[in-house]
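Structure file query_15.pdb (PDB, C-alpha atoms) follows.
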```pdb
ATOM      1  CA  MET A1153       0.000   0.000   0.000
ATOM      2  CA  THR A1154       1.263   3.491  -0.766
ATOM      3  CA  GLY A1155       0.116   6.778   0.709
ATOM      4  CA  VAL A1156       1.051   9.776  -1.428
ATOM      5  CA  GLN A1157       1.125  13.264   0.110
ATOM      6  CA  THR A1158       1.593  16.454  -1.917
ATOM      7  CA  CYS A1159       1.669  20.220  -1.271
ATOM      8  CA  ALA A1160       2.680  22.118   1.863
ATOM      9  CA  LEU A1161       3.663  20.180   4.958
ATOM     10  CA  PRO A1162       1.596  20.236   8.132
ATOM     11  CA  ILE A1163       3.211  17.842  10.605
ATOM     12  CA  TYR A1164      -0.247  16.915  11.984
ATOM     13  CA  LEU A1165      -0.964  15.105   8.707
ATOM     14  CA  LEU A1166       2.272  13.132   8.849
ATOM     15  CA  ALA A1167       1.637  12.335  12.509
ATOM     16  CA  SER A1168      -1.816  10.947  11.684
ATOM     17  CA  LEU A1169      -0.364   8.850   8.873
ATOM     18  CA  VAL A1170       2.483   7.300  10.867
ATOM     19  CA  GLU A1171      -0.006   6.459  13.650
ATOM     20  CA  GLN A1172      -1.982   4.085  11.413
ATOM     21  CA  ASP A1173      -3.049   1.015  13.358
ATOM     22  CA  THR A1174      -2.406  -1.580  10.678
ATOM     23  CA  THR A1175      -0.444  -4.720  10.002
ATOM     24  CA  VAL A1176      -0.530  -4.069   6.238
ATOM     25  CA  PRO A1177       2.996  -3.350   4.979
ATOM     26  CA  TRP A1178       2.920   0.112   3.452
ATOM     27  CA  GLU A1179       5.056   2.977   2.240
ATOM     28  CA  LEU A1180       4.583   6.708   2.644
ATOM     29  CA  ILE A1181       5.707   9.012  -0.154
ATOM     30  CA  VAL A1182       5.758  12.770   0.467
ATOM     31  CA  VAL A1183       6.045  14.959  -2.616
ATOM     32  CA  ASP A1184       7.840  18.238  -1.934
ATOM     33  CA  ASN A1185       6.290  20.364  -4.664
ATOM     34  CA  GLY A1186       8.619  23.344  -4.901
ATOM     35  CA  SER A1187       8.794  24.348  -1.262
ATOM     36  CA  THR A1188      11.362  26.984  -0.326
ATOM     37  CA  ASP A1189      10.985  26.723   3.447
ATOM     38  CA  GLY A1190      12.763  23.423   4.093
ATOM     39  CA  SER A1191       9.542  21.390   4.247
ATOM     40  CA  GLY A1192      11.166  18.437   2.500
ATOM     41  CA  ALA A1193      13.949  18.228   5.073
ATOM     42  CA  VAL A1194      11.448  18.551   7.923
ATOM     43  CA  ALA A1195       9.329  15.767   6.413
ATOM     44  CA  GLY A1196      12.371  13.554   5.932
ATOM     45  CA  ALA A1197      13.523  14.020   9.520
ATOM     46  CA  PHE A1198      10.024  13.408  10.886
ATOM     47  CA  LEU A1199       9.559  10.239   8.876
ATOM     48  CA  ALA A1200      13.018   8.910   9.779
ATOM     49  CA  ALA A1201      12.127   9.314  13.454
ATOM     50  CA  HIS A1202       8.721   7.643  13.098
ATOM     51  CA  GLN A1203       9.257   4.428  11.156
ATOM     52  CA  GLY A1204       6.715   1.837  12.244
ATOM     53  CA  SER A1205       6.749  -1.929  11.997
ATOM     54  CA  SER A1206       4.259  -1.960   9.129
ATOM     55  CA  LEU A1207       5.547   1.304   7.598
ATOM     56  CA  VAL A1208       8.268  -0.359   5.563
ATOM     57  CA  ARG A1209       9.430   2.576   3.445
ATOM     58  CA  THR A1210       9.262   6.341   3.490
ATOM     59  CA  ALA A1211      10.522   8.797   0.904
ATOM     60  CA  VAL A1212      10.464  12.503   0.251
ATOM     61  CA  VAL A1213      10.425  13.152  -3.483
ATOM     62  CA  ARG A1214      11.327  16.620  -4.741
ATOM     63  CA  PHE A1215       9.227  17.693  -7.748
ATOM     64  CA  ASP A1216       9.754  21.252  -8.972
ATOM     65  CA  ASP A1217       8.757  20.734 -12.612
ATOM     66  CA  VAL A1218       5.120  21.791 -12.188
ATOM     67  CA  ILE A1219       3.591  23.408  -9.131
ATOM     68  CA  GLY A1220       0.128  21.970  -8.714
ATOM     69  CA  TYR A1221      -1.746  18.787  -8.047
ATOM     70  CA  ALA A1222      -1.882  16.219 -10.852
ATOM     71  CA  SER A1223       1.768  16.170 -11.949
ATOM     72  CA  PRO A1224       3.233  16.007  -8.411
ATOM     73  CA  ARG A1225       0.808  13.220  -7.457
ATOM     74  CA  ASN A1226       1.841  11.293 -10.579
ATOM     75  CA  GLU A1227       5.491  11.748  -9.587
ATOM     76  CA  GLY A1228       4.733  10.335  -6.139
ATOM     77  CA  VAL A1229       3.085   7.293  -7.674
ATOM     78  CA  ARG A1230       6.060   6.769 -10.012
ATOM     79  CA  SER A1231       8.334   6.550  -6.978
ATOM     80  CA  ALA A1232       6.032   4.115  -5.162
ATOM     81  CA  SER A1233       6.133   0.345  -5.519
ATOM     82  CA  ALA A1234       2.825  -0.826  -4.035
ATOM     83  CA  PRO A1235      -0.147  -2.289  -5.951
ATOM     84  CA  LEU A1236      -2.624  -0.169  -3.952
ATOM     85  CA  LEU A1237      -2.558   3.628  -3.711
ATOM     86  CA  ALA A1238      -4.097   5.975  -1.154
ATOM     87  CA  PHE A1239      -4.034   9.752  -1.432
ATOM     88  CA  CYS A1240      -4.625  12.527   1.043
ATOM     89  CA  ASP A1241      -4.165  16.276   0.949
ATOM     90  CA  ALA A1242      -1.792  18.460   2.926
ATOM     91  CA  ASP A1243      -4.587  19.946   5.025
ATOM     92  CA  ASP A1244      -5.957  16.557   6.112
ATOM     93  CA  THR A1245      -5.590  14.286   9.077
ATOM     94  CA  VAL A1246      -6.677  10.674   8.932
ATOM     95  CA  ALA A1247      -8.144   8.352  11.543
ATOM     96  CA  THR A1248      -5.977   5.493  12.817
ATOM     97  CA  GLY A1249      -8.030   2.941  10.843
ATOM     98  CA  TRP A1250      -8.022   4.929   7.595
ATOM     99  CA  LEU A1251      -5.476   2.792   5.785
ATOM    100  CA  ASP A1252      -7.071  -0.536   6.765
ATOM    101  CA  ALA A1253     -10.471   0.730   5.629
ATOM    102  CA  ILE A1254      -9.104   1.736   2.233
ATOM    103  CA  VAL A1255      -7.275  -1.595   1.819
ATOM    104  CA  ALA A1256     -10.461  -3.512   2.702
ATOM    105  CA  ALA A1257     -12.562  -1.466   0.268
ATOM    106  CA  LEU A1258      -9.971  -1.900  -2.501
ATOM    107  CA  SER A1259     -10.308  -5.668  -2.157
ATOM    108  CA  LEU A1260     -13.845  -5.173  -3.509
ATOM    109  CA  HIS A1261     -13.553  -2.120  -5.816
ATOM    110  CA  PRO A1262     -10.710  -0.568  -7.852
ATOM    111  CA  LEU A1263     -11.620   3.021  -6.815
ATOM    112  CA  VAL A1264     -12.830   4.044  -3.363
ATOM    113  CA  GLY A1265     -13.200   7.159  -1.256
ATOM    114  CA  SER A1266     -13.020   7.558   2.476
ATOM    115  CA  SER A1267     -15.600   9.470   4.438
ATOM    116  CA  ILE A1268     -14.543  12.966   5.387
ATOM    117  CA  GLU A1269     -15.461  15.212   8.241
ATOM    118  CA  VAL A1270     -15.202  18.936   7.757
ATOM    119  CA  MET A1271     -13.447  20.485  10.770
ATOM    120  CA  GLY A1272     -15.893  21.175  13.526
ATOM    121  CA  SER A1273     -18.931  19.774  11.753
ATOM    122  CA  GLY A1274     -18.952  16.480  13.674
ATOM    123  CA  GLU A1275     -20.672  14.822  10.728
ATOM    124  CA  PRO A1276     -19.077  12.731   7.986
ATOM    125  CA  SER A1277     -19.683  14.280   4.586
ATOM    126  CA  SER A1278     -19.804  10.857   2.940
ATOM    127  CA  VAL A1279     -23.510  10.594   3.707
ATOM    128  CA  VAL A1280     -24.018  12.264   0.329
ATOM    129  CA  VAL A1281     -21.701  11.020  -2.411
ATOM    130  CA  PRO A1282     -20.485  14.008  -4.446
ATOM    131  CA  THR A1283     -21.320  13.883  -8.139
ATOM    132  CA  THR A1284     -20.265  15.786 -11.215
ATOM    133  CA  PHE A1285     -22.384  15.497 -14.366
ATOM    134  CA  GLY A1286     -24.318  12.797 -12.501
ATOM    135  CA  ILE A1287     -21.194  10.668 -12.005
ATOM    136  CA  PRO A1288     -20.065   9.836  -8.443
ATOM    137  CA  VAL A1289     -16.620  11.302  -7.780
ATOM    138  CA  VAL A1290     -13.912  10.710  -5.195
ATOM    139  CA  HIS A1291     -11.766  13.547  -3.883
ATOM    140  CA  THR A1292      -8.050  13.096  -3.168
ATOM    141  CA  CYS A1293      -8.573  13.861   0.492
ATOM    142  CA  GLY A1294      -9.340  10.154   0.753
ATOM    143  CA  LEU A1295      -9.018   8.542  -2.669
ATOM    144  CA  GLY A1296      -7.857   4.950  -2.905
ATOM    145  CA  CYS A1297      -7.309   3.031  -6.125
ATOM    146  CA  THR A1298      -5.465   0.076  -7.510
ATOM    147  CA  ARG A1299      -2.268   0.752  -9.415
ATOM    148  CA  VAL A1300      -3.798  -1.205 -12.305
ATOM    149  CA  LEU A1301      -6.646   1.333 -12.543
ATOM    150  CA  PHE A1302      -4.281   4.280 -12.042
ATOM    151  CA  ASP A1303      -1.956   3.084 -14.798
ATOM    152  CA  SER A1304      -4.806   2.179 -17.176
ATOM    153  CA  LEU A1305      -6.067   5.770 -16.931
ATOM    154  CA  GLY A1306      -2.588   7.255 -17.323
ATOM    155  CA  GLY A1307      -2.693   8.685 -13.806
ATOM    156  CA  PHE A1308      -3.986  12.134 -13.025
ATOM    157  CA  ASP A1309      -4.329  14.377 -16.086
ATOM    158  CA  PRO A1310      -1.666  17.146 -15.940
ATOM    159  CA  ALA A1311      -4.193  19.505 -17.544
ATOM    160  CA  PHE A1312      -5.679  19.635 -14.038
ATOM    161  CA  ASP A1313      -2.581  20.818 -12.171
ATOM    162  CA  ALA A1314      -4.618  23.786 -10.915
ATOM    163  CA  GLY A1315      -7.172  21.438  -9.295
ATOM    164  CA  GLY A1316      -9.992  19.101 -10.218
ATOM    165  CA  GLU A1317      -7.597  16.227 -10.985
ATOM    166  CA  ASP A1318      -9.523  13.937  -8.658
ATOM    167  CA  VAL A1319     -12.911  14.711 -10.212
ATOM    168  CA  ASP A1320     -11.477  14.196 -13.692
ATOM    169  CA  PHE A1321      -9.883  10.911 -12.560
ATOM    170  CA  SER A1322     -13.212   9.681 -11.158
ATOM    171  CA  ILE A1323     -15.086  10.605 -14.326
ATOM    172  CA  ARG A1324     -12.516   8.892 -16.539
ATOM    173  CA  ALA A1325     -12.640   5.807 -14.296
ATOM    174  CA  ARG A1326     -16.397   5.621 -14.919
ATOM    175  CA  LEU A1327     -16.434   6.475 -18.616
ATOM    176  CA  VAL A1328     -13.255   4.677 -19.734
ATOM    177  CA  GLN A1329     -13.108   1.709 -17.337
ATOM    178  CA  GLY A1330     -16.724   1.411 -16.191
ATOM    179  CA  VAL A1331     -15.692   1.834 -12.556
TER     180      VAL A1331
END
```
Spell out the structure here as structure tokens.
Amino acid sequence: MTGVQTCALPIYLLASLVEQDTTVPWELIVVDNGSTDGSGAVAGAFLAAHQGSSLVRTAVVRFDDVIGYASPRNEGVRSASAPLLAFCDADDTVATGWLDAIVAALSLHPLVGSSIEVMGSGEPSSVVVPTTFGIPVVHTCGLGCTRVLFDSLGGFDPAFDAGGEDVDFSIRARLVQGV
């Protein structure tokens, strides 16, 4: 399993990721997307100090080619080796069972989304599945997919480096792969 993190670096996200209560061997890839404040070094030091028994590999990948979303996420996936992929955003935290839930769901479906709770709302927003053009979509704040699906779609479309890469990915998964 691979978790790919892009954008700015809040340590609370990394802390929630390394605290996953799982026996699934997994790797955590952080994509440093053009930071100038030393975020990559901070991430590397944090991850080196927090290796877990099931967290078998961590990496900080520097990607300055394109500042955005789709291209850096694709770079993170290229540096990963796992057959399952899980994505979250820099402003997220995840529950301790997040990874196990995504792995379990991916055993049944090639594309899944975790429930999300907007800060302070106390209610999961997954009660209503978001749709675009009538097609259910998954946002990268909790997107899980198989590498087979990811590769068959060519990853996230770099035309969406300014955002919307997750919605586009979900729509292509439905229209191209029937997912």
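Minimum distance to Cys1240 in chain A across A:Gly1265, A:Gly1315, A:Pro1282, A:Gly1204 (counting only C-alpha atoms) occurs at A:Gly1265.
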Write out as a list in words which residues come within 12 Å of Val1194 in chain A when counting all atoms listed in the file, dropping same-chain ones fewer than 3 positions away.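 The contact residues come out as Ala1160, Leu1161, Pro1162, Ile1163, Leu1166, Val1182, Asp1184, Ser1187, Thr1188, Asp1189, Gly1190, Ser1191, Ala1197, Phe1198, Leu1199, Ala1200, Ala1201 and Val1212 of chain A.
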Could you state the separation of CA of Phe1239 in chain A and CA of Ile1181 in chain A in Å, given to one decimal place? 9.9 Å
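If you measure from each of A:Val1281, A:Val1183, A:Ala1195, A:Leu1251 to Gly1294 in chain A using all atoms listed in the file, the closest one turns out to be A:Leu1251.
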Which neighbours of range 1167-1180 of chain A fall inside 9 Å, counting only C-alpha atoms, when residues of the same chain fewer than 5 positions from it are skipped, and could you give them as a PDB file with C-alpha atoms, in the coordinates of the input?
```pdb
ATOM      1  CA  MET A1153       0.000   0.000   0.000  1.00  0.00           C
ATOM      2  CA  THR A1154       1.263   3.491  -0.766  1.00  0.00           C
ATOM      3  CA  GLY A1155       0.116   6.778   0.709  1.00  0.00           C
ATOM      4  CA  VAL A1156       1.051   9.776  -1.428  1.00  0.00           C
ATOM      5  CA  GLN A1157       1.125  13.264   0.110  1.00  0.00           C
ATOM      6  CA  PHE A1198      10.024  13.408  10.886  1.00  0.00           C
ATOM      7  CA  LEU A1199       9.559  10.239   8.876  1.00  0.00           C
ATOM      8  CA  HIS A1202       8.721   7.643  13.098  1.00  0.00           C
ATOM      9  CA  GLN A1203       9.257   4.428  11.156  1.00  0.00           C
ATOM     10  CA  GLY A1204       6.715   1.837  12.244  1.00  0.00           C
ATOM     11  CA  SER A1205       6.749  -1.929  11.997  1.00  0.00           C
ATOM     12  CA  SER A1206       4.259  -1.960   9.129  1.00  0.00           C
ATOM     13  CA  LEU A1207       5.547   1.304   7.598  1.00  0.00           C
ATOM     14  CA  VAL A1208       8.268  -0.359   5.563  1.00  0.00           C
ATOM     15  CA  ARG A1209       9.430   2.576   3.445  1.00  0.00           C
ATOM     16  CA  THR A1210       9.262   6.341   3.490  1.00  0.00           C
ATOM     17  CA  ALA A1211      10.522   8.797   0.904  1.00  0.00           C
ATOM     18  CA  VAL A1212      10.464  12.503   0.251  1.00  0.00           C
ATOM     19  CA  ALA A1232       6.032   4.115  -5.162  1.00  0.00           C
ATOM     20  CA  SER A1233       6.133   0.345  -5.519  1.00  0.00           C
ATOM     21  CA  ALA A1234       2.825  -0.826  -4.035  1.00  0.00           C
ATOM     22  CA  ASP A1244      -5.957  16.557   6.112  1.00  0.00           C
ATOM     23  CA  THR A1245      -5.590  14.286   9.077  1.00  0.00           C
ATOM     24  CA  VAL A1246      -6.677  10.674   8.932  1.00  0.00           C
ATOM     25  CA  ALA A1247      -8.144   8.352  11.543  1.00  0.00           C
ATOM     26  CA  THR A1248      -5.977   5.493  12.817  1.00  0.00           C
ATOM     27  CA  GLY A1249      -8.030   2.941  10.843  1.00  0.00           C
ATOM     28  CA  TRP A1250      -8.022   4.929   7.595  1.00  0.00           C
ATOM     29  CA  LEU A1251      -5.476   2.792   5.785  1.00  0.00           C
ATOM     30  CA  ASP A1252      -7.071  -0.536   6.765  1.00  0.00           C
ATOM     31  CA  VAL A1255      -7.275  -1.595   1.819  1.00  0.00           C
TER      32      VAL A1255
END
```
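Proximity of A:Ala1314, A:Ala1193, A:Leu1258, A:Val1300 to Val1229 in chain A, computed with all atoms listed in the file, is greatest for A:Val1300.
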Using only C-alpha atoms, which residue out of A:Ile1219, A:Leu1260, A:Thr1298, A:Arg1326 lies closest to Phe1285 in chain A?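 Smallest distance to Phe1285 in chain A is found for A:Arg1326.
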What is the distance between CA of Ser1231 in chain A and CA of Arg1299 in chain A, in Å to one decimal?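 One can read the CA of Ser1231 in chain A to CA of Arg1299 in chain A distance as 12.3 Å.
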Give me, as number ranges by chain, all polymer residues having an atom no more than 12 Å from His1291 in chain A, counting only C-alpha atoms and skipping those fewer than 4 positions away in the same chain. A: 1238-1241, 1244, 1263-1268, 1277-1278, 1281-1284, 1295-1297, 1315-1323
Check what the PyMOL selection byres ((chain A and resi 1308) around 7) selects in the file above and give those residues as a PyMOL selection string. chain A and resi 1222+1226+1306-1307+1309-1310+1317+1321
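Candidate residues A:His1261, A:Asn1185, A:Val1290, A:Asp1243 were compared for distance to Gly1228 in chain A, and the nearest is A:Asn1185, using only C-alpha atoms.
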How many Å lie between CA of Arg1230 in chain A and CA of Val1213 in chain A, rounded to one decimal?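 Distance reported for this atom pair: 10.1 Å.
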Go ahead and fit an axis-aligned box to every listed atom of range 1284-1296 of chain A plus 4 Å each side, and pass me the centre and edge lengths in Å, one decimal, as AutoDock Vina command-line options.
```
--center_x -16.1 --center_y 10.4 --center_z -6.8 --size_x 24.5 --size_y 18.8 --size_z 23.1
```
Student task, range 1178-1290 of chain A output with C-alpha atoms as a PDB file, in the first residue's frame:
```
ATOM      1  CA  TRP A1178       2.920   0.112   3.452  1.00  0.00           C
ATOM      2  CA  GLU A1179       5.056   2.977   2.240  1.00  0.00           C
ATOM      3  CA  LEU A1180       4.583   6.708   2.644  1.00  0.00           C
ATOM      4  CA  ILE A1181       5.707   9.012  -0.154  1.00  0.00           C
ATOM      5  CA  VAL A1182       5.758  12.770   0.467  1.00  0.00           C
ATOM      6  CA  VAL A1183       6.045  14.959  -2.616  1.00  0.00           C
ATOM      7  CA  ASP A1184       7.840  18.238  -1.934  1.00  0.00           C
ATOM      8  CA  ASN A1185       6.290  20.364  -4.664  1.00  0.00           C
ATOM      9  CA  GLY A1186       8.619  23.344  -4.901  1.00  0.00           C
ATOM     10  CA  SER A1187       8.794  24.348  -1.262  1.00  0.00           C
ATOM     11  CA  THR A1188      11.362  26.984  -0.326  1.00  0.00           C
ATOM     12  CA  ASP A1189      10.985  26.723   3.447  1.00  0.00           C
ATOM     13  CA  GLY A1190      12.763  23.423   4.093  1.00  0.00           C
ATOM     14  CA  SER A1191       9.542  21.390   4.247  1.00  0.00           C
ATOM     15  CA  GLY A1192      11.166  18.437   2.500  1.00  0.00           C
ATOM     16  CA  ALA A1193      13.949  18.228   5.073  1.00  0.00           C
ATOM     17  CA  VAL A1194      11.448  18.551   7.923  1.00  0.00           C
ATOM     18  CA  ALA A1195       9.329  15.767   6.413  1.00  0.00           C
ATOM     19  CA  GLY A1196      12.371  13.554   5.932  1.00  0.00           C
ATOM     20  CA  ALA A1197      13.523  14.020   9.520  1.00  0.00           C
ATOM     21  CA  PHE A1198      10.024  13.408  10.886  1.00  0.00           C
ATOM     22  CA  LEU A1199       9.559  10.239   8.876  1.00  0.00           C
ATOM     23  CA  ALA A1200      13.018   8.910   9.779  1.00  0.00           C
ATOM     24  CA  ALA A1201      12.127   9.314  13.454  1.00  0.00           C
ATOM     25  CA  HIS A1202       8.721   7.643  13.098  1.00  0.00           C
ATOM     26  CA  GLN A1203       9.257   4.428  11.156  1.00  0.00           C
ATOM     27  CA  GLY A1204       6.715   1.837  12.244  1.00  0.00           C
ATOM     28  CA  SER A1205       6.749  -1.929  11.997  1.00  0.00           C
ATOM     29  CA  SER A1206       4.259  -1.960   9.129  1.00  0.00           C
ATOM     30  CA  LEU A1207       5.547   1.304   7.598  1.00  0.00           C
ATOM     31  CA  VAL A1208       8.268  -0.359   5.563  1.00  0.00           C
ATOM     32  CA  ARG A1209       9.430   2.576   3.445  1.00  0.00           C
ATOM     33  CA  THR A1210       9.262   6.341   3.490  1.00  0.00           C
ATOM     34  CA  ALA A1211      10.522   8.797   0.904  1.00  0.00           C
ATOM     35  CA  VAL A1212      10.464  12.503   0.251  1.00  0.00           C
ATOM     36  CA  VAL A1213      10.425  13.152  -3.483  1.00  0.00           C
ATOM     37  CA  ARG A1214      11.327  16.620  -4.741  1.00  0.00           C
ATOM     38  CA  PHE A1215       9.227  17.693  -7.748  1.00  0.00           C
ATOM     39  CA  ASP A1216       9.754  21.252  -8.972  1.00  0.00           C
ATOM     40  CA  ASP A1217       8.757  20.734 -12.612  1.00  0.00           C
ATOM     41  CA  VAL A1218       5.120  21.791 -12.188  1.00  0.00           C
ATOM     42  CA  ILE A1219       3.591  23.408  -9.131  1.00  0.00           C
ATOM     43  CA  GLY A1220       0.128  21.970  -8.714  1.00  0.00           C
ATOM     44  CA  TYR A1221      -1.746  18.787  -8.047  1.00  0.00           C
ATOM     45  CA  ALA A1222      -1.882  16.219 -10.852  1.00  0.00           C
ATOM     46  CA  SER A1223       1.768  16.170 -11.949  1.00  0.00           C
ATOM     47  CA  PRO A1224       3.233  16.007  -8.411  1.00  0.00           C
ATOM     48  CA  ARG A1225       0.808  13.220  -7.457  1.00  0.00           C
ATOM     49  CA  ASN A1226       1.841  11.293 -10.579  1.00  0.00           C
ATOM     50  CA  GLU A1227       5.491  11.748  -9.587  1.00  0.00           C
ATOM     51  CA  GLY A1228       4.733  10.335  -6.139  1.00  0.00           C
ATOM     52  CA  VAL A1229       3.085   7.293  -7.674  1.00  0.00           C
ATOM     53  CA  ARG A1230       6.060   6.769 -10.012  1.00  0.00           C
ATOM     54  CA  SER A1231       8.334   6.550  -6.978  1.00  0.00           C
ATOM     55  CA  ALA A1232       6.032   4.115  -5.162  1.00  0.00           C
ATOM     56  CA  SER A1233       6.133   0.345  -5.519  1.00  0.00           C
ATOM     57  CA  ALA A1234       2.825  -0.826  -4.035  1.00  0.00           C
ATOM     58  CA  PRO A1235      -0.147  -2.289  -5.951  1.00  0.00           C
ATOM     59  CA  LEU A1236      -2.624  -0.169  -3.952  1.00  0.00           C
ATOM     60  CA  LEU A1237      -2.558   3.628  -3.711  1.00  0.00           C
ATOM     61  CA  ALA A1238      -4.097   5.975  -1.154  1.00  0.00           C
ATOM     62  CA  PHE A1239      -4.034   9.752  -1.432  1.00  0.00           C
ATOM     63  CA  CYS A1240      -4.625  12.527   1.043  1.00  0.00           C
ATOM     64  CA  ASP A1241      -4.165  16.276   0.949  1.00  0.00           C
ATOM     65  CA  ALA A1242      -1.792  18.460   2.926  1.00  0.00           C
ATOM     66  CA  ASP A1243      -4.587  19.946   5.025  1.00  0.00           C
ATOM     67  CA  ASP A1244      -5.957  16.557   6.112  1.00  0.00           C
ATOM     68  CA  THR A1245      -5.590  14.286   9.077  1.00  0.00           C
ATOM     69  CA  VAL A1246      -6.677  10.674   8.932  1.00  0.00           C
ATOM     70  CA  ALA A1247      -8.144   8.352  11.543  1.00  0.00           C
ATOM     71  CA  THR A1248      -5.977   5.493  12.817  1.00  0.00           C
ATOM     72  CA  GLY A1249      -8.030   2.941  10.843  1.00  0.00           C
ATOM     73  CA  TRP A1250      -8.022   4.929   7.595  1.00  0.00           C
ATOM     74  CA  LEU A1251      -5.476   2.792   5.785  1.00  0.00           C
ATOM     75  CA  ASP A1252      -7.071  -0.536   6.765  1.00  0.00           C
ATOM     76  CA  ALA A1253     -10.471   0.730   5.629  1.00  0.00           C
ATOM     77  CA  ILE A1254      -9.104   1.736   2.233  1.00  0.00           C
ATOM     78  CA  VAL A1255      -7.275  -1.595   1.819  1.00  0.00           C
ATOM     79  CA  ALA A1256     -10.461  -3.512   2.702  1.00  0.00           C
ATOM     80  CA  ALA A1257     -12.562  -1.466   0.268  1.00  0.00           C
ATOM     81  CA  LEU A1258      -9.971  -1.900  -2.501  1.00  0.00           C
ATOM     82  CA  SER A1259     -10.308  -5.668  -2.157  1.00  0.00           C
ATOM     83  CA  LEU A1260     -13.845  -5.173  -3.509  1.00  0.00           C
ATOM     84  CA  HIS A1261     -13.553  -2.120  -5.816  1.00  0.00           C
ATOM     85  CA  PRO A1262     -10.710  -0.568  -7.852  1.00  0.00           C
ATOM     86  CA  LEU A1263     -11.620   3.021  -6.815  1.00  0.00           C
ATOM     87  CA  VAL A1264     -12.830   4.044  -3.363  1.00  0.00           C
ATOM     88  CA  GLY A1265     -13.200   7.159  -1.256  1.00  0.00           C
ATOM     89  CA  SER A1266     -13.020   7.558   2.476  1.00  0.00           C
ATOM     90  CA  SER A1267     -15.600   9.470   4.438  1.00  0.00           C
ATOM     91  CA  ILE A1268     -14.543  12.966   5.387  1.00  0.00           C
ATOM     92  CA  GLU A1269     -15.461  15.212   8.241  1.00  0.00           C
ATOM     93  CA  VAL A1270     -15.202  18.936   7.757  1.00  0.00           C
ATOM     94  CA  MET A1271     -13.447  20.485  10.770  1.00  0.00           C
ATOM     95  CA  GLY A1272     -15.893  21.175  13.526  1.00  0.00           C
ATOM     96  CA  SER A1273     -18.931  19.774  11.753  1.00  0.00           C
ATOM     97  CA  GLY A1274     -18.952  16.480  13.674  1.00  0.00           C
ATOM     98  CA  GLU A1275     -20.672  14.822  10.728  1.00  0.00           C
ATOM     99  CA  PRO A1276     -19.077  12.731   7.986  1.00  0.00           C
ATOM    100  CA  SER A1277     -19.683  14.280   4.586  1.00  0.00           C
ATOM    101  CA  SER A1278     -19.804  10.857   2.940  1.00  0.00           C
ATOM    102  CA  VAL A1279     -23.510  10.594   3.707  1.00  0.00           C
ATOM    103  CA  VAL A1280     -24.018  12.264   0.329  1.00  0.00           C
ATOM    104  CA  VAL A1281     -21.701  11.020  -2.411  1.00  0.00           C
ATOM    105  CA  PRO A1282     -20.485  14.008  -4.446  1.00  0.00           C
ATOM    106  CA  THR A1283     -21.320  13.883  -8.139  1.00  0.00           C
ATOM    107  CA  THR A1284     -20.265  15.786 -11.215  1.00  0.00           C
ATOM    108  CA  PHE A1285     -22.384  15.497 -14.366  1.00  0.00           C
ATOM    109  CA  GLY A1286     -24.318  12.797 -12.501  1.00  0.00           C
ATOM    110  CA  ILE A1287     -21.194  10.668 -12.005  1.00  0.00           C
ATOM    111  CA  PRO A1288     -20.065   9.836  -8.443  1.00  0.00           C
ATOM    112  CA  VAL A1289     -16.620  11.302  -7.780  1.00  0.00           C
ATOM    113  CA  VAL A1290     -13.912  10.710  -5.195  1.00  0.00           C
TER     114      VAL A1290
END
```
